[in-house]
Amino acid sequence: MKRNNKPKLKLRSRASSKLGELKKAYEELDRTARALIRTDYLLHRANERFDQQISQLHALHRIGSAINSTFDLEIILSGISESMARDLDFEKSGIVFLDQNSRRPMQSAYTGFSSPEYTMLLESFDELLLPLLLQEDVSLQTSAYAPAPWGKLLNALAVSSLLVLPMRIKSRLIGFIVGARSHVTLRLTDPERHFYAMYATQASTAVENARLYEALGQANLTLEENVQERTRNLMEANERLRELDQVKSNFISLVSHELRTPLTAIKGFIVTLYHYDKEIPAEKRRVYLSVLNEETDRLTRLINELLDISRIESGRMEFQWCRVSMPEIVQRVFTTLSVKAVNVRLEQDFPAQFPMLVADPDKLEQVFVNLVGNALRYAPPESAVRVTGREQNGGVVVEVRDEGQGIAFAEQEKVFDKFYRLDNDINRKNPGTGLGLPICRALINLHGGKIWVESELNKGCRFLFTLPLNYDKEISTSPEFSREAVS
């Protein structure tokens with residue numbers, strides 16, 4: 001009797017069919033799982049890139065904010081250094097601003113580096129950093145592939161990767177940025193290189209703007225100082241012009257008065273002599289003629305003083321250099337002024353070996369006439385006007401002393417100003433131009449010396465002046481003087 005195997009075959013067929021379906025489902029599930037893993041990996045990579053791009057955008061935003069919020073170079077440098085660490089995940093970072101020649105670090109900021117490490121980095125500027133900065137826009141040095149000098153520096157800095165970004169403005173290197181990682185070897189893709197180049201450009205703009213702002217601020221400060229100085233100068237010049245205008249007015253008033261006084265006297269006596277010549281006794285006529293002579297001398301002296309001060313100020317004063325004896329000049333002046341020395345002794349005291357000197361004798365005589373004449377005006381009766389001299393430092397010092405009322409300390413320098421006269425009873429009774437002492441100072445200065453006054457109230461005056469021997473001066477061509485006579 002035969003068995004029926006059909007049910008078994010059907011079961012096997014169904015089992016085989018189910019197994020095939022399961023296998024196909026497994027394979028499909030495996031493919032799906034692989035696709036999901038790959039998709040997850042790609043999503044993870046995309047997320048990492050997205051996070052990196054967000055960090056990069058944050059970094060650029062910080063620099064942009066720095067550009068717009070402040071022009072303080074120190075704040076901007078610190079902000080960029082901190083941004084490298086915070087936004088771009090560098091453990092150590094720094095930024096350096098160079099001088100105008102791009103050859104010397106001027107100002108910098110750093111984050112993460114120790115002070116010795118950062119000093120070591122800056123010390124490598126000439127040898128390692130500068131050549132790299134001049135050649136590349138974005139440079140990466142890693143301990144695995146760096147040349148020996150760079151490898152040594154990276155080891156010393158305890159980093160495995162060092163990113164170097166030059167900062168340029170119109171091709172001029174103004175500084176650089178560095179970022180370092182200690183345990184991760186950095187790799188750069190083309191987009192990352194593009195980003196870092198853009199980052200360096202933004203940083204360059206921020207730093208250059210701050211530098212220009214500082215330069216502008218300094219220029220404004222300098223300009224303000226110049227304006228203030230010019231304003232002060234203009235105010236001083238204006239004040240000086242006012243003083244000169246006042247001096248001019250005083251001069252015109254003084255000269256008019258000084259000229260009018262002798263001219264009035266001369267005119268009066270001439271008219272008197274002209275109309276009443278035969279009626280005037282001989283003795284009175286001599287008195288009138290004496291007054292005319294004195295007033296004419298006074299007028300001549302006034303005109304000569306005005307001419308002298310004009311020649312001196314215009315540089316047209318001429319000198320006749322001769323070998324002169326100071327004691328002889330003083331004695332001549334004493335003889336000339338002896339008429340005015342009423343109850344006043346004229347004395348001189350010069351050493352026997354007092355040196356000859358080269359000078360203009362007429363100008364020296366004019367100096368002594370002014371100084372001795374002033375001393376006689378103030379000297380009290382039964383006193384002395386004394387002229388002394390001594391050698392000193394290859395030249396001579398001469399002193400004219402009187403025993404008069406003296407000059408207050410506050411007025412001792414003013415007496416050498418043009419048209420200045422002491423306000424006292426003696427000057428009010430004896431009019432003058434106030435040009436004598438200024439002329440003396442100018443003549444002494446032109447001889448190469450200096451003149452000053454020492455005095456105390458009610459204790460007399462000492463007018464002193466120095467003169468060099470002037471043996472280097474060209475002697476006058478007059479036959480009685482020669483170059484040999486000087487030596």
# chains A, B, ... in the order shown; residues from 1 in each chain; ligands from 1
>>> closest_atom_pairs(of="segment 278-381 of chain A", to="segment 470-473 of chain A", cutoff="12 Å", atoms="only C-alpha atoms", output="Markdown table")
| residue | atom | partner | partner_atom | distance |
| --- | --- | --- | --- | --- |
| A:Phe319 | CA | A:Lys473 | CA | 10.6 |
| A:Gln320 | CA | A:Lys473 | CA | 10.0 |
| A:Trp321 | CA | A:Lys473 | CA | 6.9 |
| A:Cys322 | CA | A:Lys473 | CA | 8.8 |
| A:Arg323 | CA | A:Tyr471 | CA | 8.8 |
| A:Val324 | CA | A:Asn470 | CA | 11.0 |
| A:Pro355 | CA | A:Tyr471 | CA | 11.3 |
| A:Met356 | CA | A:Tyr471 | CA | 9.6 |
| A:Leu357 | CA | A:Asn470 | CA | 6.5 |
| A:Val358 | CA | A:Asn470 | CA | 5.3 |
| A:Ala359 | CA | A:Asn470 | CA | 7.2 |
| A:Asp360 | CA | A:Lys473 | CA | 10.7 |
>>> select_by_dssp(residues="segment 118-317 of chain A", states="helix (DSSP H, G or I)", output="NGL selection string")
:A and (118-123 or 125-135 or 148-157 or 190-279 or 282-314)
>>> residues_around(residues="Val330 of chain A", least_positions_apart="5", cutoff="9 Å", atoms="only C-alpha atoms", output="VMD selection string")
chain A and resid 325 335 348 365 368 to 369 387
>>> select_by_dssp(residues="segment 35-280 of chain A", states="strand (DSSP E)", output="PyMOL selection string")
chain A and resi 92-98+105-111+139-142+161-169+172-181
>>> residues_around(residues="segment 136-148 of chain A", least_positions_apart="5", cutoff="9 Å", atoms="only C-alpha atoms", output="list in words")
Pro131, Leu153, Leu154, Asn155, Val159, Ser160, Ser161, Leu162, Leu163, Val164, Leu165, Pro166, Met167, Thr185, Leu186, Arg187, Leu188, Arg193, His194, Tyr196, Ala197 and Ala200 of chain A
>>> write_last_selection(atoms="N, CA and C atoms", output="PDB file, in the first residue's frame")
ATOM      1  N   PRO A 131      59.645  84.771   7.991  1.00  0.00           N
ATOM      2  CA  PRO A 131      59.697  84.168   6.645  1.00  0.00           C
ATOM      3  C   PRO A 131      58.389  83.484   6.267  1.00  0.00           C
ATOM      4  N   LEU A 153      60.615  74.155  18.275  1.00  0.00           N
ATOM      5  CA  LEU A 153      59.786  75.201  18.878  1.00  0.00           C
ATOM      6  C   LEU A 153      58.464  74.631  19.379  1.00  0.00           C
ATOM      7  N   LEU A 154      57.837  73.745  18.595  1.00  0.00           N
ATOM      8  CA  LEU A 154      56.560  73.168  19.008  1.00  0.00           C
ATOM      9  C   LEU A 154      56.724  72.350  20.291  1.00  0.00           C
ATOM     10  N   ASN A 155      57.800  71.592  20.377  1.00  0.00           N
ATOM     11  CA  ASN A 155      58.065  70.822  21.604  1.00  0.00           C
ATOM     12  C   ASN A 155      58.259  71.743  22.798  1.00  0.00           C
ATOM     13  N   VAL A 159      53.004  71.927  22.261  1.00  0.00           N
ATOM     14  CA  VAL A 159      51.834  71.866  21.381  1.00  0.00           C
ATOM     15  C   VAL A 159      52.150  70.908  20.235  1.00  0.00           C
ATOM     16  N   SER A 160      51.082  70.335  19.656  1.00  0.00           N
ATOM     17  CA  SER A 160      51.272  69.425  18.520  1.00  0.00           C
ATOM     18  C   SER A 160      50.975  70.112  17.194  1.00  0.00           C
ATOM     19  N   SER A 161      50.159  71.179  17.227  1.00  0.00           N
ATOM     20  CA  SER A 161      49.816  71.911  15.998  1.00  0.00           C
ATOM     21  C   SER A 161      49.844  73.410  16.289  1.00  0.00           C
ATOM     22  N   LEU A 162      50.361  74.171  15.316  1.00  0.00           N
ATOM     23  CA  LEU A 162      50.392  75.627  15.462  1.00  0.00           C
ATOM     24  C   LEU A 162      49.920  76.257  14.154  1.00  0.00           C
ATOM     25  N   LEU A 163      48.816  76.986  14.239  1.00  0.00           N
ATOM     26  CA  LEU A 163      48.267  77.691  13.084  1.00  0.00           C
ATOM     27  C   LEU A 163      48.791  79.127  13.105  1.00  0.00           C
ATOM     28  N   VAL A 164      49.303  79.595  11.971  1.00  0.00           N
ATOM     29  CA  VAL A 164      49.872  80.947  11.870  1.00  0.00           C
ATOM     30  C   VAL A 164      49.120  81.708  10.776  1.00  0.00           C
ATOM     31  N   LEU A 165      48.496  82.846  11.157  1.00  0.00           N
ATOM     32  CA  LEU A 165      47.715  83.644  10.214  1.00  0.00           C
ATOM     33  C   LEU A 165      48.299  85.053  10.121  1.00  0.00           C
ATOM     34  N   PRO A 166      48.830  85.446   8.962  1.00  0.00           N
ATOM     35  CA  PRO A 166      49.316  86.824   8.820  1.00  0.00           C
ATOM     36  C   PRO A 166      48.148  87.806   8.698  1.00  0.00           C
ATOM     37  N   MET A 167      48.313  88.989   9.257  1.00  0.00           N
ATOM     38  CA  MET A 167      47.332  90.065   9.100  1.00  0.00           C
ATOM     39  C   MET A 167      47.941  91.105   8.163  1.00  0.00           C
ATOM     40  N   THR A 185      46.211  66.819  16.513  1.00  0.00           N
ATOM     41  CA  THR A 185      46.914  67.311  15.337  1.00  0.00           C
ATOM     42  C   THR A 185      45.900  67.913  14.376  1.00  0.00           C
ATOM     43  N   LEU A 186      46.040  69.179  14.146  1.00  0.00           N
ATOM     44  CA  LEU A 186      45.074  69.909  13.332  1.00  0.00           C
ATOM     45  C   LEU A 186      45.271  69.596  11.850  1.00  0.00           C
ATOM     46  N   ARG A 187      44.142  69.423  11.122  1.00  0.00           N
ATOM     47  CA  ARG A 187      44.170  69.278   9.673  1.00  0.00           C
ATOM     48  C   ARG A 187      43.297  70.384   9.081  1.00  0.00           C
ATOM     49  N   LEU A 188      43.679  70.906   7.924  1.00  0.00           N
ATOM     50  CA  LEU A 188      42.950  72.017   7.319  1.00  0.00           C
ATOM     51  C   LEU A 188      42.358  71.600   5.986  1.00  0.00           C
ATOM     52  N   ARG A 193      40.644  76.673   5.377  1.00  0.00           N
ATOM     53  CA  ARG A 193      41.670  77.644   4.989  1.00  0.00           C
ATOM     54  C   ARG A 193      41.024  78.959   4.556  1.00  0.00           C
ATOM     55  N   HIS A 194      39.947  78.838   3.792  1.00  0.00           N
ATOM     56  CA  HIS A 194      39.237  80.040   3.350  1.00  0.00           C
ATOM     57  C   HIS A 194      38.698  80.816   4.553  1.00  0.00           C
ATOM     58  N   TYR A 196      39.832  80.788   7.726  1.00  0.00           N
ATOM     59  CA  TYR A 196      40.903  81.397   8.504  1.00  0.00           C
ATOM     60  C   TYR A 196      41.494  82.618   7.787  1.00  0.00           C
ATOM     61  N   ALA A 197      41.556  82.568   6.474  1.00  0.00           N
ATOM     62  CA  ALA A 197      42.020  83.729   5.710  1.00  0.00           C
ATOM     63  C   ALA A 197      41.045  84.892   5.900  1.00  0.00           C
ATOM     64  N   ALA A 200      41.451  86.262   9.447  1.00  0.00           N
ATOM     65  CA  ALA A 200      42.632  87.132   9.547  1.00  0.00           C
ATOM     66  C   ALA A 200      42.361  88.493   8.906  1.00  0.00           C
TER      67      ALA A 200
END
>>> residues_around(residues="Gly460 of chain A", least_positions_apart="6", cutoff="9 Å", atoms="only C-alpha atoms", output="JSON, numbers by chain")
{"A": [378, 379, 401, 402, 403, 404, 405, 406, 407, 454]}
>>> write_last_selection(atoms="all heavy atoms", output="PDB file, in the first residue's frame")
ATOM      1  N   TYR A 378      73.350 161.087  39.792  1.00  0.00           N
ATOM      2  CA  TYR A 378      72.795 160.577  41.040  1.00  0.00           C
ATOM      3  C   TYR A 378      73.740 160.731  42.234  1.00  0.00           C
ATOM      4  O   TYR A 378      73.325 160.504  43.368  1.00  0.00           O
ATOM      5  CB  TYR A 378      72.435 159.094  40.873  1.00  0.00           C
ATOM      6  CG  TYR A 378      71.259 158.861  39.955  1.00  0.00           C
ATOM      7  CD1 TYR A 378      71.457 158.460  38.639  1.00  0.00           C
ATOM      8  CD2 TYR A 378      69.964 159.062  40.398  1.00  0.00           C
ATOM      9  CE1 TYR A 378      70.389 158.253  37.786  1.00  0.00           C
ATOM     10  CE2 TYR A 378      68.883 158.860  39.549  1.00  0.00           C
ATOM     11  CZ  TYR A 378      69.102 158.453  38.247  1.00  0.00           C
ATOM     12  OH  TYR A 378      68.036 158.265  37.402  1.00  0.00           O
ATOM     13  N   ALA A 379      75.003 161.050  41.978  1.00  0.00           N
ATOM     14  CA  ALA A 379      75.971 161.100  43.071  1.00  0.00           C
ATOM     15  C   ALA A 379      75.675 162.284  43.993  1.00  0.00           C
ATOM     16  O   ALA A 379      75.515 163.423  43.537  1.00  0.00           O
ATOM     17  CB  ALA A 379      77.389 161.216  42.515  1.00  0.00           C
ATOM     18  N   ARG A 401      81.105 152.898  39.665  1.00  0.00           N
ATOM     19  CA  ARG A 401      80.376 152.902  40.942  1.00  0.00           C
ATOM     20  C   ARG A 401      80.053 154.338  41.357  1.00  0.00           C
ATOM     21  O   ARG A 401      80.863 155.251  41.181  1.00  0.00           O
ATOM     22  CB  ARG A 401      81.225 152.223  42.010  1.00  0.00           C
ATOM     23  CG  ARG A 401      80.596 152.216  43.411  1.00  0.00           C
ATOM     24  CD  ARG A 401      81.650 151.870  44.457  1.00  0.00           C
ATOM     25  NE  ARG A 401      82.103 150.509  44.307  1.00  0.00           N
ATOM     26  CZ  ARG A 401      81.608 149.475  44.992  1.00  0.00           C
ATOM     27  NH1 ARG A 401      80.632 149.671  45.866  1.00  0.00           N
ATOM     28  NH2 ARG A 401      82.095 148.275  44.811  1.00  0.00           N
ATOM     29  N   ASP A 402      78.828 154.501  41.905  1.00  0.00           N
ATOM     30  CA  ASP A 402      78.473 155.782  42.517  1.00  0.00           C
ATOM     31  C   ASP A 402      77.911 155.529  43.904  1.00  0.00           C
ATOM     32  O   ASP A 402      77.701 154.376  44.297  1.00  0.00           O
ATOM     33  CB  ASP A 402      77.458 156.543  41.646  1.00  0.00           C
ATOM     34  CG  ASP A 402      76.104 155.860  41.571  1.00  0.00           C
ATOM     35  OD1 ASP A 402      75.451 155.717  42.623  1.00  0.00           O
ATOM     36  OD2 ASP A 402      75.686 155.469  40.459  1.00  0.00           O
ATOM     37  N   GLU A 403      77.673 156.603  44.659  1.00  0.00           N
ATOM     38  CA  GLU A 403      77.181 156.489  46.029  1.00  0.00           C
ATOM     39  C   GLU A 403      75.787 157.105  46.143  1.00  0.00           C
ATOM     40  O   GLU A 403      75.411 157.637  47.181  1.00  0.00           O
ATOM     41  CB  GLU A 403      78.150 157.187  46.991  1.00  0.00           C
ATOM     42  CG  GLU A 403      79.547 156.590  46.945  1.00  0.00           C
ATOM     43  CD  GLU A 403      80.558 157.390  47.766  1.00  0.00           C
ATOM     44  OE1 GLU A 403      80.111 158.212  48.609  1.00  0.00           O
ATOM     45  OE2 GLU A 403      81.767 157.212  47.570  1.00  0.00           O
ATOM     46  N   GLY A 404      75.013 156.965  45.054  1.00  0.00           N
ATOM     47  CA  GLY A 404      73.695 157.585  45.013  1.00  0.00           C
ATOM     48  C   GLY A 404      72.608 156.769  45.678  1.00  0.00           C
ATOM     49  O   GLY A 404      72.870 155.885  46.506  1.00  0.00           O
ATOM     50  N   GLN A 405      71.349 157.034  45.267  1.00  0.00           N
ATOM     51  CA  GLN A 405      70.193 156.442  45.924  1.00  0.00           C
ATOM     52  C   GLN A 405      69.925 155.003  45.525  1.00  0.00           C
ATOM     53  O   GLN A 405      69.111 154.329  46.128  1.00  0.00           O
ATOM     54  CB  GLN A 405      68.945 157.277  45.621  1.00  0.00           C
ATOM     55  CG  GLN A 405      68.579 157.331  44.135  1.00  0.00           C
ATOM     56  CD  GLN A 405      67.484 158.327  43.851  1.00  0.00           C
ATOM     57  OE1 GLN A 405      67.392 159.352  44.519  1.00  0.00           O
ATOM     58  NE2 GLN A 405      66.666 158.042  42.865  1.00  0.00           N
ATOM     59  N   GLY A 406      70.627 154.485  44.524  1.00  0.00           N
ATOM     60  CA  GLY A 406      70.486 153.088  44.141  1.00  0.00           C
ATOM     61  C   GLY A 406      69.249 152.812  43.294  1.00  0.00           C
ATOM     62  O   GLY A 406      68.434 153.695  43.028  1.00  0.00           O
ATOM     63  N   ILE A 407      69.138 151.548  42.872  1.00  0.00           N
ATOM     64  CA  ILE A 407      68.021 151.104  42.023  1.00  0.00           C
ATOM     65  C   ILE A 407      67.385 149.877  42.662  1.00  0.00           C
ATOM     66  O   ILE A 407      68.088 148.935  43.059  1.00  0.00           O
ATOM     67  CB  ILE A 407      68.506 150.748  40.599  1.00  0.00           C
ATOM     68  CG1 ILE A 407      69.193 151.945  39.949  1.00  0.00           C
ATOM     69  CG2 ILE A 407      67.347 150.270  39.724  1.00  0.00           C
ATOM     70  CD1 ILE A 407      69.833 151.623  38.617  1.00  0.00           C
ATOM     71  N   GLU A 454      74.370 146.115  39.603  1.00  0.00           N
ATOM     72  CA  GLU A 454      74.176 145.593  40.951  1.00  0.00           C
ATOM     73  C   GLU A 454      73.944 146.779  41.866  1.00  0.00           C
ATOM     74  O   GLU A 454      74.703 147.754  41.830  1.00  0.00           O
ATOM     75  CB  GLU A 454      75.401 144.792  41.402  1.00  0.00           C
ATOM     76  CG  GLU A 454      75.655 143.554  40.552  1.00  0.00           C
ATOM     77  CD  GLU A 454      76.936 142.823  40.949  1.00  0.00           C
ATOM     78  OE1 GLU A 454      77.628 143.320  41.885  1.00  0.00           O
ATOM     79  OE2 GLU A 454      77.250 141.794  40.335  1.00  0.00           O
TER      80      GLU A 454
END
>>> closest_residue(among="A:Ser124, A:Gln331, A:Ser383, A:Ser204", to="Asn343 of chain A", atoms="only C-alpha atoms")
A:Ser383
>>> residues_around(residues="Ile174 of chain A", least_positions_apart="3", cutoff="9 Å", atoms="only C-alpha atoms", output="PyMOL selection string")
chain A and resi 96-102+166-169+204+207-208
>>> closest_residue(among="A:Pro281, A:Pro116, A:Pro262, A:Gly20", to="Arg301 of chain A", atoms="only C-alpha atoms")
A:Pro262
